[in-house]
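Participant: Sharing input_12.tsv below, TSV, C-alpha atoms:
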```tsv
chain	number	residue	atom	x	y	z
A	8	MET	CA	0.00	0.00	0.00
A	9	LYS	CA	2.83	2.38	0.89
A	10	ASN	CA	4.55	1.90	-2.49
A	11	SER	CA	1.23	2.30	-4.32
A	12	ILE	CA	0.55	5.63	-2.64
A	13	PHE	CA	4.09	6.75	-3.41
A	14	TYR	CA	3.74	6.08	-7.15
A	15	ILE	CA	0.27	7.61	-7.37
A	16	VAL	CA	1.53	10.81	-5.72
A	17	SER	CA	4.59	10.83	-7.97
A	18	LEU	CA	2.55	10.46	-11.14
A	19	PHE	CA	0.05	13.11	-10.03
A	20	PHE	CA	2.68	15.77	-9.51
A	21	ILE	CA	5.32	14.75	-12.03
A	22	ALA	CA	3.79	16.87	-14.80
A	23	ALA	CA	4.45	19.96	-12.74
A	24	CYS	CA	8.19	19.43	-12.60
A	25	THR	CA	9.32	17.55	-15.72
A	26	SER	CA	9.60	18.16	-19.41
A	27	SER	CA	11.55	16.73	-22.31
A	28	PRO	CA	15.26	17.41	-21.75
A	29	LYS	CA	16.78	20.20	-23.81
A	30	THR	CA	20.41	19.78	-24.74
A	31	ASP	CA	21.45	23.21	-25.99
A	32	LYS	CA	24.95	23.65	-24.59
A	33	LEU	CA	25.78	26.60	-22.38
A	34	GLU	CA	28.78	28.55	-23.59
A	35	LEU	CA	31.12	29.36	-20.71
A	36	GLY	CA	33.02	32.20	-22.39
A	37	LYS	CA	36.54	33.28	-21.51
A	38	PRO	CA	37.66	32.18	-18.03
A	39	ILE	CA	38.83	34.73	-15.45
A	40	PRO	CA	41.97	33.63	-13.57
A	41	ILE	CA	41.88	34.16	-9.79
A	42	GLN	CA	44.53	33.47	-7.15
A	43	ALA	CA	44.05	31.77	-3.78
A	44	THR	CA	45.04	33.19	-0.42
A	45	GLU	CA	46.61	30.66	1.92
A	46	TYR	CA	46.29	30.66	5.70
A	47	GLY	CA	49.81	29.32	6.20
A	48	LYS	CA	48.43	26.70	8.60
A	49	GLU	CA	48.80	22.98	8.00
A	50	ILE	CA	45.70	20.90	8.70
A	51	ILE	CA	46.11	17.13	8.91
A	52	MET	CA	43.08	15.79	7.04
A	53	SER	CA	41.92	13.85	4.01
A	54	ASN	CA	39.66	15.22	1.29
A	55	PRO	CA	36.48	16.01	3.29
A	56	LEU	CA	32.88	15.05	2.54
A	57	GLY	CA	31.91	18.72	2.68
A	58	ILE	CA	32.59	22.06	4.33
A	59	GLU	CA	30.05	24.47	5.77
A	60	ILE	CA	30.12	27.81	7.59
A	61	ILE	CA	28.19	27.39	10.82
A	62	GLU	CA	28.10	30.26	13.32
A	63	ASN	CA	31.14	31.94	11.70
A	64	ASN	CA	33.32	28.82	11.94
A	65	LEU	CA	34.17	26.37	9.16
A	66	TYR	CA	33.05	22.80	9.83
A	67	ILE	CA	35.08	20.25	7.87
A	68	PHE	CA	33.19	16.94	7.73
A	69	GLN	CA	35.57	13.99	7.67
A	70	PRO	CA	35.37	10.63	5.82
A	71	ASN	CA	37.96	9.11	8.18
A	72	GLY	CA	39.94	9.85	11.32
A	73	ASP	CA	38.71	10.03	14.92
A	74	TYR	CA	36.20	12.87	14.58
A	75	ALA	CA	33.16	13.53	12.41
A	76	ALA	CA	34.17	17.17	11.90
A	77	LEU	CA	37.03	19.57	12.46
A	78	ILE	CA	36.14	23.15	13.38
A	79	MET	CA	38.29	25.93	11.93
A	80	ASP	CA	38.49	29.61	12.84
A	81	LEU	CA	37.83	31.50	9.59
A	82	ASP	CA	39.92	34.48	10.68
A	83	ASN	CA	43.24	32.73	11.31
A	84	GLY	CA	42.85	29.20	9.96
A	85	ASN	CA	43.42	27.51	13.33
A	86	ILE	CA	41.60	24.30	14.19
A	87	ILE	CA	39.84	25.34	17.39
A	88	ASN	CA	37.88	22.19	18.11
A	89	SER	CA	36.68	18.85	16.84
A	90	TRP	CA	33.20	17.39	17.00
A	91	GLY	CA	31.54	13.98	16.91
A	92	ARG	CA	33.07	10.53	17.06
A	93	ARG	CA	33.50	8.45	13.95
A	94	GLY	CA	32.28	4.88	14.12
A	95	ASN	CA	29.21	2.66	13.87
A	96	GLY	CA	28.07	2.92	17.49
A	97	PRO	CA	25.18	4.94	18.94
A	98	GLY	CA	25.64	8.65	18.32
A	99	GLU	CA	28.70	8.03	16.14
A	100	PHE	CA	29.20	8.78	12.44
A	101	TYR	CA	30.87	6.70	9.80
A	102	TYR	CA	29.98	8.93	6.85
A	103	PRO	CA	28.50	12.31	7.95
A	104	ILE	CA	26.92	14.47	5.24
A	105	TYR	CA	25.56	17.92	6.13
A	106	TRP	CA	22.08	18.55	4.74
A	107	GLY	CA	21.60	22.13	5.92
A	108	LYS	CA	19.90	24.30	8.52
A	109	ASN	CA	16.30	25.24	9.24
A	110	GLN	CA	15.94	27.99	11.84
A	111	ASP	CA	18.02	26.74	14.81
A	112	THR	CA	18.14	23.11	13.71
A	113	PHE	CA	21.07	21.53	11.85
A	114	TYR	CA	20.60	18.35	9.78
A	115	LEU	CA	23.25	15.65	9.41
A	116	HIS	CA	22.78	12.48	7.39
A	117	ASN	CA	24.43	9.43	8.95
A	118	VAL	CA	24.72	7.53	5.69
A	119	ASN	CA	25.81	4.10	6.89
A	120	ARG	CA	22.99	3.83	9.46
A	121	TYR	CA	20.14	5.26	7.30
A	122	GLN	CA	19.58	8.02	9.86
A	123	LEU	CA	18.85	11.71	9.80
A	124	ARG	CA	20.05	13.45	12.95
A	125	LYS	CA	18.93	16.91	14.04
A	126	TYR	CA	21.10	19.14	16.24
A	127	THR	CA	21.13	22.51	17.92
A	128	LEU	CA	24.33	24.53	18.35
A	129	LEU	CA	25.69	26.01	21.56
A	130	ASN	CA	29.29	27.21	22.02
A	131	SER	CA	30.44	25.41	18.85
A	132	GLU	CA	28.97	22.14	20.14
A	133	LEU	CA	26.22	20.37	18.19
A	134	THR	CA	23.69	18.74	20.55
A	135	LEU	CA	21.46	15.93	19.29
A	136	THR	CA	17.74	16.71	19.54
A	137	GLU	CA	16.14	14.10	17.26
A	138	GLU	CA	17.08	11.01	15.29
A	139	ILE	CA	14.85	9.75	12.48
A	140	GLU	CA	15.20	6.46	10.63
A	141	LEU	CA	15.19	6.77	6.84
A	142	ASP	CA	13.17	4.55	4.53
A	143	LYS	CA	15.48	1.68	3.50
A	144	ASN	CA	13.51	1.08	0.29
A	145	TYR	CA	15.65	3.75	-1.34
A	146	PHE	CA	19.11	5.14	-0.71
A	147	LEU	CA	19.72	8.87	-0.23
A	148	ARG	CA	23.02	10.69	-0.20
A	149	HIS	CA	23.22	14.48	-0.64
A	150	ALA	CA	20.26	16.71	0.22
A	151	THR	CA	19.28	20.25	1.14
A	152	VAL	CA	16.73	21.58	3.66
A	153	LEU	CA	14.25	24.20	2.43
A	154	GLU	CA	12.97	27.14	4.49
A	155	ASN	CA	9.61	25.41	4.96
A	156	GLY	CA	11.30	22.36	6.50
A	157	CYS	CA	10.93	20.07	3.49
A	158	ILE	CA	14.01	18.23	2.23
A	159	VAL	CA	15.15	17.70	-1.37
A	160	ALA	CA	17.48	14.71	-1.76
A	161	SER	CA	19.46	12.91	-4.43
A	162	VAL	CA	18.33	9.27	-4.71
A	163	ILE	CA	20.94	6.66	-5.65
A	164	TYR	CA	18.47	3.81	-6.17
A	165	GLY	CA	14.90	2.75	-5.44
A	166	THR	CA	12.78	5.41	-7.23
A	167	PRO	CA	11.84	6.11	-10.88
A	168	LYS	CA	13.44	9.59	-10.82
A	169	PRO	CA	16.76	10.76	-9.31
A	170	LEU	CA	15.43	13.53	-7.01
A	171	ILE	CA	12.91	13.35	-4.19
A	172	LEU	CA	11.00	15.85	-2.05
A	173	LEU	CA	10.34	14.81	1.56
A	174	ASP	CA	8.17	16.49	4.17
A	175	LYS	CA	9.30	17.27	7.73
A	176	GLN	CA	8.56	13.70	8.82
A	177	LEU	CA	10.54	12.36	5.82
A	178	ASN	CA	7.42	11.15	4.00
A	179	THR	CA	7.73	11.23	0.21
A	180	LEU	CA	5.84	14.05	-1.50
A	181	ILE	CA	7.23	14.08	-5.04
A	182	ASN	CA	9.75	12.05	-7.02
A	183	PHE	CA	11.12	14.13	-9.91
A	184	GLY	CA	14.08	15.00	-12.15
A	185	ASP	CA	14.45	15.04	-15.94
A	186	ILE	CA	17.47	12.77	-16.15
A	187	PRO	CA	17.34	9.93	-16.99
A	188	ASP	CA	14.75	10.50	-19.67
A	189	LYS	CA	12.09	7.92	-20.49
A	190	ALA	CA	14.34	6.10	-22.94
A	191	HIS	CA	16.92	5.47	-20.21
A	192	SER	CA	14.66	5.11	-17.18
A	193	SER	CA	15.90	3.00	-14.31
A	194	GLU	CA	15.71	2.79	-10.52
A	195	ASN	CA	19.51	2.74	-10.35
A	196	HIS	CA	20.64	6.37	-10.38
A	197	ILE	CA	24.29	5.90	-9.43
A	198	THR	CA	25.44	7.87	-12.49
A	199	TYR	CA	22.71	10.50	-12.03
A	200	SER	CA	23.63	11.60	-8.49
A	201	HIS	CA	23.40	15.32	-7.66
A	202	CYS	CA	24.87	17.84	-5.27
A	203	LEU	CA	22.22	20.24	-3.94
A	204	SER	CA	21.89	23.60	-2.25
A	205	SER	CA	18.98	25.92	-1.45
A	206	TYR	CA	17.94	29.43	-0.55
A	207	LYS	CA	14.52	29.75	1.07
A	208	ASN	CA	12.30	27.42	-1.00
A	209	MET	CA	14.40	27.63	-4.18
A	210	PHE	CA	17.05	25.01	-4.77
A	211	VAL	CA	19.64	24.01	-7.33
A	212	ALA	CA	20.66	20.48	-8.34
A	213	ALA	CA	23.95	19.87	-10.19
A	214	MET	CA	24.98	16.45	-11.48
A	215	HIS	CA	28.28	14.83	-10.55
A	216	ASN	CA	28.76	12.86	-13.79
A	217	LEU	CA	27.37	15.28	-16.37
A	218	GLY	CA	27.57	19.02	-16.86
A	219	TYR	CA	23.89	19.54	-16.08
A	220	ILE	CA	22.44	22.02	-13.58
A	221	ALA	CA	18.82	22.95	-12.89
A	222	CYS	CA	17.09	25.38	-10.55
A	223	TYR	CA	13.69	24.65	-8.99
A	224	GLU	CA	11.24	26.16	-6.54
A	225	GLN	CA	8.76	24.39	-4.32
A	226	LYS	CA	5.34	26.01	-4.57
A	227	GLY	CA	2.66	24.35	-2.47
A	228	ASP	CA	2.37	20.71	-3.49
A	229	SER	CA	4.39	21.03	-6.69
A	230	ILE	CA	7.93	21.63	-7.92
A	231	GLU	CA	8.48	24.28	-10.59
A	232	LYS	CA	11.60	24.14	-12.72
A	233	LYS	CA	12.86	27.70	-13.24
A	234	TRP	CA	15.76	26.97	-15.60
A	235	GLU	CA	18.31	24.36	-16.65
A	236	HIS	CA	21.67	24.29	-18.44
A	237	TYR	CA	23.63	21.56	-20.19
A	238	LEU	CA	27.39	22.04	-20.48
A	239	GLU	CA	27.53	19.02	-22.78
A	240	LYS	CA	25.04	16.59	-24.23
A	241	PRO	CA	24.40	13.36	-22.30
A	242	ILE	CA	25.85	10.14	-23.71
A	243	TYR	CA	24.49	6.86	-22.41
A	244	LYS	CA	25.86	3.37	-21.92
A	245	GLY	CA	22.79	1.20	-21.51
A	246	ARG	CA	20.59	2.98	-18.96
A	247	GLU	CA	23.46	4.81	-17.28
A	248	LEU	CA	25.58	7.78	-18.31
A	249	ASP	CA	28.77	6.84	-20.16
A	250	ARG	CA	31.30	8.13	-17.64
A	251	LYS	CA	34.28	7.13	-19.79
A	252	THR	CA	33.12	9.35	-22.65
A	253	LEU	CA	31.59	12.29	-20.80
A	254	LYS	CA	33.36	15.06	-18.97
A	255	ARG	CA	32.77	15.01	-15.24
A	256	GLY	CA	30.19	17.45	-13.92
A	257	PHE	CA	30.03	19.22	-10.54
A	258	SER	CA	31.69	18.36	-7.23
A	259	ASP	CA	29.86	20.98	-5.15
A	260	VAL	CA	27.28	23.76	-5.36
A	261	LYS	CA	26.27	26.53	-2.95
A	262	MET	CA	23.23	28.79	-3.33
A	263	THR	CA	23.28	32.15	-1.52
A	264	SER	CA	20.87	35.09	-1.39
A	265	LYS	CA	22.09	36.40	-4.78
A	266	TYR	CA	24.26	33.77	-6.44
A	267	ILE	CA	24.86	30.11	-7.19
A	268	PHE	CA	28.51	29.02	-6.92
A	269	CYS	CA	29.39	25.74	-8.68
A	270	VAL	CA	32.62	23.72	-8.63
A	271	TYR	CA	32.87	22.31	-12.16
A	272	PHE	CA	35.18	19.54	-13.39
A	273	GLY	CA	34.79	19.91	-17.16
A	274	LYS	CA	37.31	17.09	-17.67
A	275	LYS	CA	37.11	13.41	-18.45
A	276	TRP	CA	37.86	10.93	-15.70
A	277	ASP	CA	41.60	10.36	-15.31
A	278	ILE	CA	42.82	7.52	-13.10
A	279	SER	CA	45.98	9.51	-12.37
A	280	GLY	CA	43.93	12.04	-10.41
A	281	ASN	CA	44.70	14.94	-12.76
A	282	SER	CA	41.03	15.50	-13.60
A	283	GLN	CA	40.18	17.44	-10.44
A	284	PRO	CA	38.14	20.67	-10.84
A	285	GLU	CA	39.85	24.02	-11.38
A	286	THR	CA	36.72	25.99	-12.28
A	287	ILE	CA	34.05	27.83	-10.30
A	288	LEU	CA	30.99	28.98	-12.24
A	289	VAL	CA	28.75	31.68	-10.77
A	290	PHE	CA	25.10	32.07	-11.81
A	291	ASN	CA	22.40	34.42	-10.61
A	292	HIS	CA	19.05	33.03	-9.48
A	293	GLU	CA	17.61	33.59	-12.98
A	294	GLY	CA	20.19	31.22	-14.49
A	295	LYS	CA	22.46	33.79	-16.14
A	296	LEU	CA	26.12	32.80	-16.07
A	297	LEU	CA	27.92	35.72	-14.44
A	298	LYS	CA	31.49	34.48	-14.06
A	299	ASN	CA	33.70	31.61	-15.12
A	300	PHE	CA	36.59	31.58	-12.64
A	301	HIS	CA	39.72	29.61	-13.51
A	302	LEU	CA	41.53	28.71	-10.31
A	303	ASP	CA	45.27	28.52	-9.69
A	304	ARG	CA	44.90	24.97	-8.30
A	305	SER	CA	42.44	22.10	-8.11
A	306	ILE	CA	39.79	22.06	-5.38
A	307	SER	CA	36.91	19.87	-4.23
A	308	GLN	CA	34.40	21.47	-1.82
A	309	ILE	CA	33.46	25.11	-1.18
A	310	ALA	CA	31.68	27.31	1.37
A	311	ILE	CA	30.60	30.92	0.85
A	312	SER	CA	30.93	33.76	3.36
A	313	ASN	CA	27.73	35.40	4.60
A	314	ASP	CA	28.53	38.59	2.66
A	315	GLU	CA	29.15	36.54	-0.53
A	316	LYS	CA	32.59	38.12	-0.98
A	317	THR	CA	34.79	35.13	-0.11
A	318	ILE	CA	34.89	31.55	-1.36
A	319	TYR	CA	36.46	29.09	1.08
A	320	ALA	CA	37.69	25.98	-0.68
A	321	ILE	CA	39.42	22.67	-0.04
A	322	SER	CA	42.64	22.76	-2.04
A	323	LEU	CA	43.89	19.42	-3.39
A	324	GLU	CA	47.39	20.64	-4.26
A	325	PRO	CA	50.14	20.73	-3.26
A	326	ASP	CA	48.47	19.27	-0.14
A	327	ILE	CA	44.88	19.03	1.07
A	328	ASN	CA	44.18	22.26	2.94
A	329	VAL	CA	41.76	25.18	3.30
A	330	ILE	CA	42.28	28.23	1.09
A	331	LYS	CA	40.14	31.23	0.16
A	332	TYR	CA	39.35	33.32	-2.92
A	333	GLN	CA	38.27	36.94	-2.64
A	334	VAL	CA	35.66	37.66	-5.33
A	335	GLU	CA	34.26	41.00	-4.16
A	336	ASP	CA	35.80	42.85	-7.13
A	337	TYR	CA	34.22	40.47	-9.66
A	338	LEU	CA	30.58	40.27	-8.53
```
Would you give me this structure, written as structure tokens?

Facilitator:
Amino acid sequence: MKNSIFYIVSLFFIAACTSSPKTDKLELGKPIPIQATEYGKEIIMSNPLGIEIIENNLYIFQPNGDYAALIMDLDNGNIINSWGRRGNGPGEFYYPIYWGKNQDTFYLHNVNRYQLRKYTLLNSELTLTEEIELDKNYFLRHATVLENGCIVASVIYGTPKPLILLDKQLNTLINFGDIPDKAHSSENHITYSHCLSSYKNMFVAAMHNLGYIACYEQKGDSIEKKWEHYLEKPIYKGRELDRKTLKRGFSDVKMTSKYIFCVYFGKKWDISGNSQPETILVFNHEGKLLKNFHLDRSISQIAISNDEKTIYAISLEPDINVIKYQVEDYL
């Protein structure tokens, strides 16, 4: 009965948020070179799962090590604290992914245990307030929390479409997303995974394995697509994207009050590791490409200052570390 209701609701609303994919390529124009500023502090860490500015500190969420997150002072680059134990026990994290904030509540996805954990923050310490079990019929990874408390998530498998809208109790409202199209439909969306970010009830979804980005807005019981861009045309291998032929897409995206900052690969997969992203694209909320920044080194994740003047990034060379780019003069 539960699955039947899910598919009926999906079919009822799907017309509001899907259309036939358009594959007109977005021209990026001439890149603008920008230089990083280094803190001069060495941080012992691996490439993190994500970075976020929380209460004026940078939280660096870890895929390994003793702690779920390192906490860095944005002013001087010092690690001032650590938070959360890594592991599979109660209250521990094996793979913590930050989903966002709604009012005073912070959302962390504990991937290996199919749990969403809610926290409040006091004196740089996240305190657990609620733990909700996720539906194991499908597998979620990245997500973003909207102003109204709903959650938009990227689905790896278990649904007809690769994006899902959940209510505050994590009940499914809508399953949507234009890729894969009907000719390549599948419930395995491993090649169609997205990174997501939101501002109020607008959100942006950018694909990891294809240069495709779309902006949506939740309005009542429906999802409205505001715009989309392809940076190259999709090429398929069976029902999945052909990752050997395509350029890689986006490693991170952040939506602010005015802009959308995207870390873009634009390179084919290279086993040597030389295909890491060196580009940050900046859009406005209407989908206009404002800037194509070419970076002086490869990066992975980003966070944006509250005044939208500074991009904090995880540098992958010469070592993994935190750097920053000042973009006030460009935007």

Participant: Would you mind telling me which residue in A:Thr112, A:Thr317, A:Asn299, A:Asn182 lies nearest to Leu135 of chain A when using only C-alpha atoms?

Facilitator: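 Once distances to Leu135 of chain A are computed over only C-alpha atoms, the minimum belongs to A:Thr112.
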
Participant: Around the point (11.6, 26.9, -7.8) in the file's coordinates, collect all residues with an atom within 8 Å, using only C-alpha atoms, and return them as a PDB file with C-alpha atoms, in the coordinates of the input.

Facilitator:
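Output (selection17.pdb):
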```pdb
ATOM      1  CA  ASN A 208      12.300  27.420  -1.000  1.00  0.00           C
ATOM      2  CA  MET A 209      14.400  27.630  -4.180  1.00  0.00           C
ATOM      3  CA  PHE A 210      17.050  25.010  -4.770  1.00  0.00           C
ATOM      4  CA  CYS A 222      17.090  25.380 -10.550  1.00  0.00           C
ATOM      5  CA  TYR A 223      13.690  24.650  -8.990  1.00  0.00           C
ATOM      6  CA  GLU A 224      11.240  26.160  -6.540  1.00  0.00           C
ATOM      7  CA  GLN A 225       8.760  24.390  -4.320  1.00  0.00           C
ATOM      8  CA  LYS A 226       5.340  26.010  -4.570  1.00  0.00           C
ATOM      9  CA  ILE A 230       7.930  21.630  -7.920  1.00  0.00           C
ATOM     10  CA  GLU A 231       8.480  24.280 -10.590  1.00  0.00           C
ATOM     11  CA  LYS A 232      11.600  24.140 -12.720  1.00  0.00           C
ATOM     12  CA  LYS A 233      12.860  27.700 -13.240  1.00  0.00           C
TER      13      LYS A 233
END
```

Participant: May I ask which of the residues A:Lys37, A:Lys254, A:His191, A:Arg246 is the closest one to His215 of chain A, counting only C-alpha atoms?

Facilitator: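 Between A:Lys37, A:Lys254, A:His191, A:Arg246, the residue approaching His215 of chain A most closely is A:Lys254.
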
Participant: Excluding segment 138-142 of chain A and its own-chain neighbours fewer than 3 positions away, which residues fall within 12 Å of it when counting all atoms listed in the file? Please give them as an MDAnalysis selection string.

Facilitator: chainID A and resid 9:10 97:98 113:126 134:135 145:148 160 162 164:166 173 175:179

Participant: What separation in Å, quoted to one decimal, exists between atom CA of Asn85 of chain A and atom CA of Val329 of chain A?

Facilitator: 10.4 Å

Participant: I'd like to know which of A:Lys298, A:His149, A:His196, A:Lys207 is closest to Pro169 of chain A, using all atoms listed in the file.

Facilitator: A:His196

Participant: Here is a test: counting only C-alpha atoms, which residue of A:Asn195, A:Gly72, A:Asn109, A:Ile104 is nearest to Cys157 of chain A?

Facilitator: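 Smallest separation from Cys157 of chain A among the options: A:Asn109.
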
Participant: In Å to one decimal, how far is atom CA of Asn88 of chain A from atom CA of Leu302 of chain A?

Facilitator: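 According to the coordinates, atom CA of Leu302 of chain A and atom CA of Asn88 of chain A are separated by 29.4 Å.
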
Participant: Please determine, counting only C-alpha atoms, which residue among A:Met79, A:Phe257, A:Asn291, A:Tyr199 has the shortest atom-to-atom distance to Ile50 of chain A.

Facilitator: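 Ranked by minimum distance to Ile50 of chain A, first place goes to A:Met79.
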
Participant: Which distance in Å separates atom CA of Leu217 of chain A and atom CA of Thr252 of chain A, to one decimal?

Facilitator: 10.4 Å

Participant: Step by step: start from the point (29.7, 23.1, -20.3) in the file's coordinates, keep every protein, DNA or RNA residue that has an atom no farther than 10 Å from it, count all atoms listed in the file, and write the set as number ranges by chain.

Facilitator: A: 32-36, 217-220, 236-240, 254, 256, 271-273

Participant: Which of these, A:Thr198, A:Ser312, A:Gln333, A:Ser264, has the shortest distance to Phe300 of chain A once you count only C-alpha atoms?

Facilitator: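 Looking only at the distances to Phe300 of chain A, the closest residue turns out to be A:Gln333.
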
Participant: Find the spatial neighbours of Ser258 of chain A, counting all atoms listed in the file, within a cut-off of 12 Å - ignore same-chain residues fewer than 6 positions away - and output them as number ranges by chain.

Facilitator: A: 55-57, 149, 200-203, 212-220, 268-274, 282-288, 305-309, 320-321
